[in-house]
>>> print(open('final_24.cif').read())   # mmCIF, C-alpha atoms
data_start
#
loop_
_atom_site.label_atom_id
_atom_site.label_comp_id
_atom_site.auth_asym_id
_atom_site.auth_seq_id
_atom_site.Cartn_x
_atom_site.Cartn_y
_atom_site.Cartn_z
CA MET A 1 126.55 124.73 113.62
CA THR A 2 123.57 125.93 111.63
CA THR A 3 120.26 124.07 111.52
CA TYR A 4 118.88 123.36 108.05
CA THR A 5 115.47 121.98 107.13
CA ILE A 6 115.33 120.15 103.82
CA CYS A 7 111.86 119.58 102.33
CA ILE A 8 111.61 116.96 99.60
CA PHE A 9 108.49 116.31 97.52
CA THR A 10 108.37 112.87 95.90
CA GLY A 11 106.19 110.27 94.35
CA ASN A 12 105.26 107.58 96.86
CA THR A 13 107.76 104.80 96.04
CA ILE A 14 109.09 101.80 97.95
CA GLY A 15 112.79 102.14 98.85
CA LEU A 16 112.92 105.90 98.30
CA LEU A 17 113.57 106.67 101.98
CA ASN A 18 116.69 104.51 101.86
CA ARG A 19 118.00 106.20 98.71
CA ILE A 20 117.52 109.64 100.28
CA THR A 21 119.04 108.83 103.67
CA ILE A 22 122.08 107.11 102.15
CA ILE A 23 123.08 110.50 100.68
CA PHE A 24 123.46 111.83 104.24
CA THR A 25 125.16 108.65 105.48
CA ARG A 26 127.83 108.77 102.77
CA ARG A 27 128.68 112.34 103.77
CA ARG A 28 128.67 111.40 107.49
CA ILE A 29 125.87 113.86 108.29
CA ASN A 30 123.51 112.93 111.10
CA ILE A 31 119.80 113.40 110.48
CA GLU A 32 118.44 115.15 113.59
CA SER A 33 114.79 114.73 112.59
CA LEU A 34 112.91 112.99 109.79
CA THR A 35 109.19 113.24 109.08
CA VAL A 36 107.41 111.76 106.08
CA SER A 37 103.76 112.29 105.21
CA GLU A 38 101.37 112.53 102.31
CA THR A 39 100.73 116.06 101.04
CA GLU A 40 97.50 117.69 99.91
CA ARG A 41 98.16 116.17 96.47
CA HIS A 42 97.30 112.49 96.03
CA GLY A 43 100.41 110.35 95.51
CA VAL A 44 102.87 113.09 96.55
CA SER A 45 104.84 112.60 99.77
CA ARG A 46 106.81 115.19 101.71
CA PHE A 47 110.03 114.39 103.55
CA THR A 48 111.07 116.99 106.13
CA ILE A 49 114.68 116.40 107.19
CA VAL A 50 116.53 118.45 109.81
CA ILE A 51 120.32 118.48 109.90
CA LYS A 52 123.01 120.57 111.58
CA HIS A 53 126.05 121.52 109.53
CA GLU A 54 128.76 124.19 109.38
CA SER A 55 128.86 124.54 105.60
CA ARG A 56 125.98 125.96 103.56
CA ASP A 57 127.83 124.86 100.40
CA GLU A 58 127.83 121.26 101.60
CA VAL A 59 124.08 121.41 102.31
CA GLU A 60 123.47 122.86 98.83
CA LYS A 61 125.44 119.94 97.34
CA ILE A 62 123.18 117.51 99.21
CA VAL A 63 120.08 119.29 97.87
CA ARG A 64 121.45 119.07 94.30
CA GLN A 65 122.24 115.38 94.74
CA ILE A 66 118.73 114.64 96.06
CA ARG A 67 117.24 116.42 93.03
CA LYS A 68 118.90 113.80 90.79
CA ILE A 69 116.72 111.00 92.20
CA VAL A 70 114.08 110.22 89.57
CA GLU A 71 111.07 110.13 91.93
CA VAL A 72 111.95 113.50 93.48
CA LEU A 73 109.64 116.25 92.23
CA ALA A 74 111.12 119.19 94.16
CA VAL A 75 113.67 119.87 96.95
CA PHE A 76 114.14 122.98 99.09
CA GLY A 77 116.65 123.82 101.80
CA TYR A 78 115.64 126.31 104.48
CA LEU A 79 117.09 128.09 107.47
CA ASN A 80 114.87 128.35 110.57
CA ASP A 81 113.83 131.95 109.85
CA GLU A 82 112.56 130.97 106.38
CA ILE A 83 109.94 128.49 107.61
CA VAL A 84 107.06 128.02 110.04
CA TYR A 85 107.69 124.81 111.96
CA ASN A 86 106.54 122.81 114.95
CA GLU A 87 107.00 119.50 116.71
CA ILE A 88 104.74 117.53 119.01
CA ALA A 89 105.72 115.75 122.21
CA LEU A 90 103.84 113.34 124.45
CA PHE A 91 104.68 112.93 128.14
CA LYS A 92 103.34 110.09 130.28
CA ILE A 93 103.34 111.29 133.89
CA SER A 94 102.79 109.07 136.92
CA THR A 95 99.84 110.18 139.12
CA PRO A 96 99.34 107.49 141.78
CA LEU A 97 97.19 108.18 144.84
CA GLY A 98 99.08 110.22 147.41
CA SER A 99 101.55 111.70 144.95
CA LYS A 100 102.03 115.40 144.25
CA PRO A 101 98.90 116.64 142.42
CA LEU A 102 99.33 117.71 138.82
CA ASP A 103 99.01 121.49 138.33
CA VAL A 104 96.78 121.34 135.23
CA GLU A 105 96.11 125.08 135.24
CA THR A 106 99.84 125.90 134.94
CA ILE A 107 100.27 123.18 132.32
CA ASN A 108 97.41 124.63 130.22
CA LYS A 109 97.81 128.36 130.71
CA HIS A 110 101.54 128.84 131.13
CA HIS A 111 102.96 125.99 129.03
CA LYS A 112 100.15 125.69 126.46
CA ALA A 113 100.08 121.91 126.90
CA TRP A 114 97.04 119.67 127.24
CA VAL A 115 96.15 116.49 129.08
CA VAL A 116 94.96 114.21 126.30
CA TYR A 117 94.46 111.04 128.34
CA TRP A 118 93.64 110.37 132.00
CA GLY A 119 94.57 106.88 133.16
CA LEU A 120 94.09 105.45 136.64
CA ASP A 121 97.72 106.00 137.68
CA TYR A 122 99.03 108.27 134.94
CA VAL A 123 98.17 111.02 132.47
CA VAL A 124 99.40 111.73 128.96
CA ILE A 125 100.18 115.36 128.17
CA GLU A 126 100.60 116.77 124.66
CA LYS A 127 102.86 119.75 123.99
CA THR A 128 103.45 121.35 120.60
CA GLY A 129 106.11 123.91 119.81
CA ASN A 130 109.74 124.17 118.83
CA GLU A 131 112.53 122.17 120.43
CA THR A 132 113.23 124.90 123.01
CA ASP A 133 109.57 125.05 124.12
CA ILE A 134 109.32 121.29 124.44
CA PHE A 135 112.49 120.92 126.50
CA ALA A 136 111.52 123.86 128.74
CA PHE A 137 108.27 122.01 129.45
CA PHE A 138 110.25 118.80 130.01
CA ASP A 139 112.28 120.63 132.67
CA TYR A 140 109.05 121.81 134.33
CA LEU A 141 107.72 118.24 134.42
CA ARG A 142 110.84 116.89 136.18
CA GLN A 143 109.08 117.65 139.48
CA TYR A 144 106.79 114.72 138.64
CA GLU A 145 107.72 111.18 137.68
CA ILE A 146 108.06 111.07 133.88
CA LEU A 147 107.27 107.51 132.76
CA GLU A 148 107.71 108.11 129.03
CA PHE A 149 108.65 110.93 126.67
CA VAL A 150 108.45 110.94 122.89
CA ARG A 151 108.97 113.78 120.44
CA SER A 152 108.02 113.85 116.78
CA GLY A 153 110.09 115.11 113.93
CA ARG A 154 109.70 118.64 112.65
CA VAL A 155 106.86 119.59 110.34
CA ALA A 156 107.39 122.78 108.36
CA VAL A 157 106.07 124.99 105.59
CA GLY A 158 107.98 127.73 103.81
CA LYS A 159 107.19 131.40 104.39
CA THR A 160 106.51 131.98 100.70
CA GLU A 161 103.27 132.93 98.99
CA LYS A 162 103.49 129.92 96.69
CA GLY A 163 102.08 126.55 97.59
CA LEU A 164 103.23 123.09 96.61
CA VAL A 165 101.30 123.12 93.34
CA GLU A 166 103.51 125.95 92.01
CA TYR A 167 106.58 123.72 92.18
CA LEU A 168 105.19 120.43 90.91
CA PRO A 169 105.56 119.40 87.29
CA GLU A 170 102.53 120.05 85.10
CA ALA A 171 99.95 117.35 85.74
CA ASP A 172 96.33 116.94 86.76
CA TRP A 173 96.93 116.39 90.47
CA ALA A 174 94.03 115.15 92.58
CA TYR A 175 93.56 116.38 96.13
CA THR A 176 93.91 113.92 98.98
CA LEU A 177 90.65 113.29 100.82
#
>>> encode(input="final_24.cif", output="structure tokens")
Amino acid sequence: MTTYTICIFTGNTIGLLNRITIIFTRRRINIESLTVSETERHGVSRFTIVIKHESRDEVEKIVRQIRKIVEVLAVFGYLNDEIVYNEIALFKISTPLGSKPLDVETINKHHKAWVVYWGLDYVVIEKTGNETDIFAFFDYLRQYEILEFVRSGRVAVGKTEKGLVEYLPEADWAYTL
């Protein structure tokens, strides 16, 4: 299966997430990752959806169907080599007295991860990277007691010279503060 990242630029409207995700549900396609955030333009949101599918034609049909939604300003489908992307993960690791000491130097230098919170009996470590990097770090941390693990959805930008403004309809867009 091929991984596709679909980036959707929309107006910020109630119920829009449901109308977009139902397109995938009707076609029985699982959404692997979903991230929604405001863009650099006030009132414009960006949905970043990751799916795995065998058929590029089927993914292109989904993109065309999403474009028909009134609030959608632009939609793009990408393969992994066409984008720059990352995820973030947080790991809560148990560190009670007498337990194996945490090797912070290896965590920082080798895995490029950072302790972002020191509690009395635990630490929280942040790791950014792609899915492979994050799960390799997860495997490293198995030597400790992992209390919690959470991973964000993918954030991505295209490897094109153009920015968002090139694709938006003509308007006097204000920048987000």
>>> resolve_selection(input="final_24.cif", expression="the PyMOL selection byres ((chain A and resi 117-120) around 12)", output="list in words")
Leu90, Phe91, Lys92, Ile93, Ser94, Thr95, Pro96, Leu97, Leu102, Val104, Trp114, Val115, Val116, Asp121, Tyr122, Val123, Val124, Ile125 and Glu126 of chain A
>>> closest_residue(input="final_24.cif", among="A:Thr48, A:Gly129, A:Cys7, A:Asp139", to="A:Val36", atoms="all atoms listed in the file")
A:Thr48
>>> residues_around(input="final_24.cif", residues="A:Thr3", least_positions_apart="4", cutoff="9 Å", atoms="all atoms listed in the file", output="MDAnalysis selection string")
chainID A and resid 50:54 78:80
>>> atom_distance(input="final_24.cif", atom1="atom CA of A:Leu16", atom2="atom CA of A:His42")
17.1 Å
>>> resolve_selection(input="final_24.cif", expression="the PyMOL selection byres ((chain A and resi 83) around 12)", output="MDAnalysis selection string")
chainID A and resid 3:7 48 76:82 84:86 154:161
>>> write_last_selection(input="final_24.cif", atoms="C-alpha atoms", output="JSON list (two decimals), keeping the file's coordinate frame")
[["chain", "number", "residue", "atom", "x", "y", "z"],
["A", 3, "THR", "CA", 120.26, 124.07, 111.52],
["A", 4, "TYR", "CA", 118.88, 123.36, 108.05],
["A", 5, "THR", "CA", 115.47, 121.98, 107.13],
["A", 6, "ILE", "CA", 115.33, 120.15, 103.82],
["A", 7, "CYS", "CA", 111.86, 119.58, 102.33],
["A", 48, "THR", "CA", 111.07, 116.99, 106.13],
["A", 76, "PHE", "CA", 114.14, 122.98, 99.09],
["A", 77, "GLY", "CA", 116.65, 123.82, 101.80],
["A", 78, "TYR", "CA", 115.64, 126.31, 104.48],
["A", 79, "LEU", "CA", 117.09, 128.09, 107.47],
["A", 80, "ASN", "CA", 114.87, 128.35, 110.57],
["A", 81, "ASP", "CA", 113.83, 131.95, 109.85],
["A", 82, "GLU", "CA", 112.56, 130.97, 106.38],
["A", 84, "VAL", "CA", 107.06, 128.02, 110.04],
["A", 85, "TYR", "CA", 107.69, 124.81, 111.96],
["A", 86, "ASN", "CA", 106.54, 122.81, 114.95],
["A", 154, "ARG", "CA", 109.70, 118.64, 112.65],
["A", 155, "VAL", "CA", 106.86, 119.59, 110.34],
["A", 156, "ALA", "CA", 107.39, 122.78, 108.36],
["A", 157, "VAL", "CA", 106.07, 124.99, 105.59],
["A", 158, "GLY", "CA", 107.98, 127.73, 103.81],
["A", 159, "LYS", "CA", 107.19, 131.40, 104.39],
["A", 160, "THR", "CA", 106.51, 131.98, 100.70],
["A", 161, "GLU", "CA", 103.27, 132.93, 98.99]]
>>> atom_distance(input="final_24.cif", atom1="atom CA of A:Ile107", atom2="atom CA of A:Phe138")
11.1 Å
>>> resolve_selection(input="final_24.cif", expression="the PyMOL selection byres ((chain A and resi 62) around 10)", output="list in words")
Ile6, Ile20, Ile23, Phe24, Arg27, Arg56, Asp57, Glu58, Val59, Glu60, Lys61, Val63, Arg64, Gln65, Ile66, Arg67 and Gly77 of chain A
>>> closest_residue(input="final_24.cif", among="A:Ala89, A:Met1, A:Val75, A:Gly43", to="A:Ala136", atoms="only C-alpha atoms")
A:Ala89
>>> residues_around(input="final_24.cif", residues="A:Gly11", least_positions_apart="3", cutoff="9 Å", atoms="all atoms listed in the file", output="number ranges by chain")
A: 16, 43-46, 71-73
>>> closest_residue(input="final_24.cif", among="A:Ile69, A:Ile88, A:Glu105, A:Gly98", to="A:Phe149", atoms="all atoms listed in the file")
A:Ile88
>>> axis_aligned_box(input="final_24.cif", around="stretch 111-115 of chain A", padding_each_side="5 Å", output="lines of an AutoDock Vina configuration file")
center_x = 99.6
center_y = 121.2
center_z = 127.8
size_x = 16.8
size_y = 19.5
size_z = 12.6
>>> atom_distance(input="final_24.cif", atom1="atom CA of A:Ser99", atom2="atom CA of A:Thr128")
26.3 Å
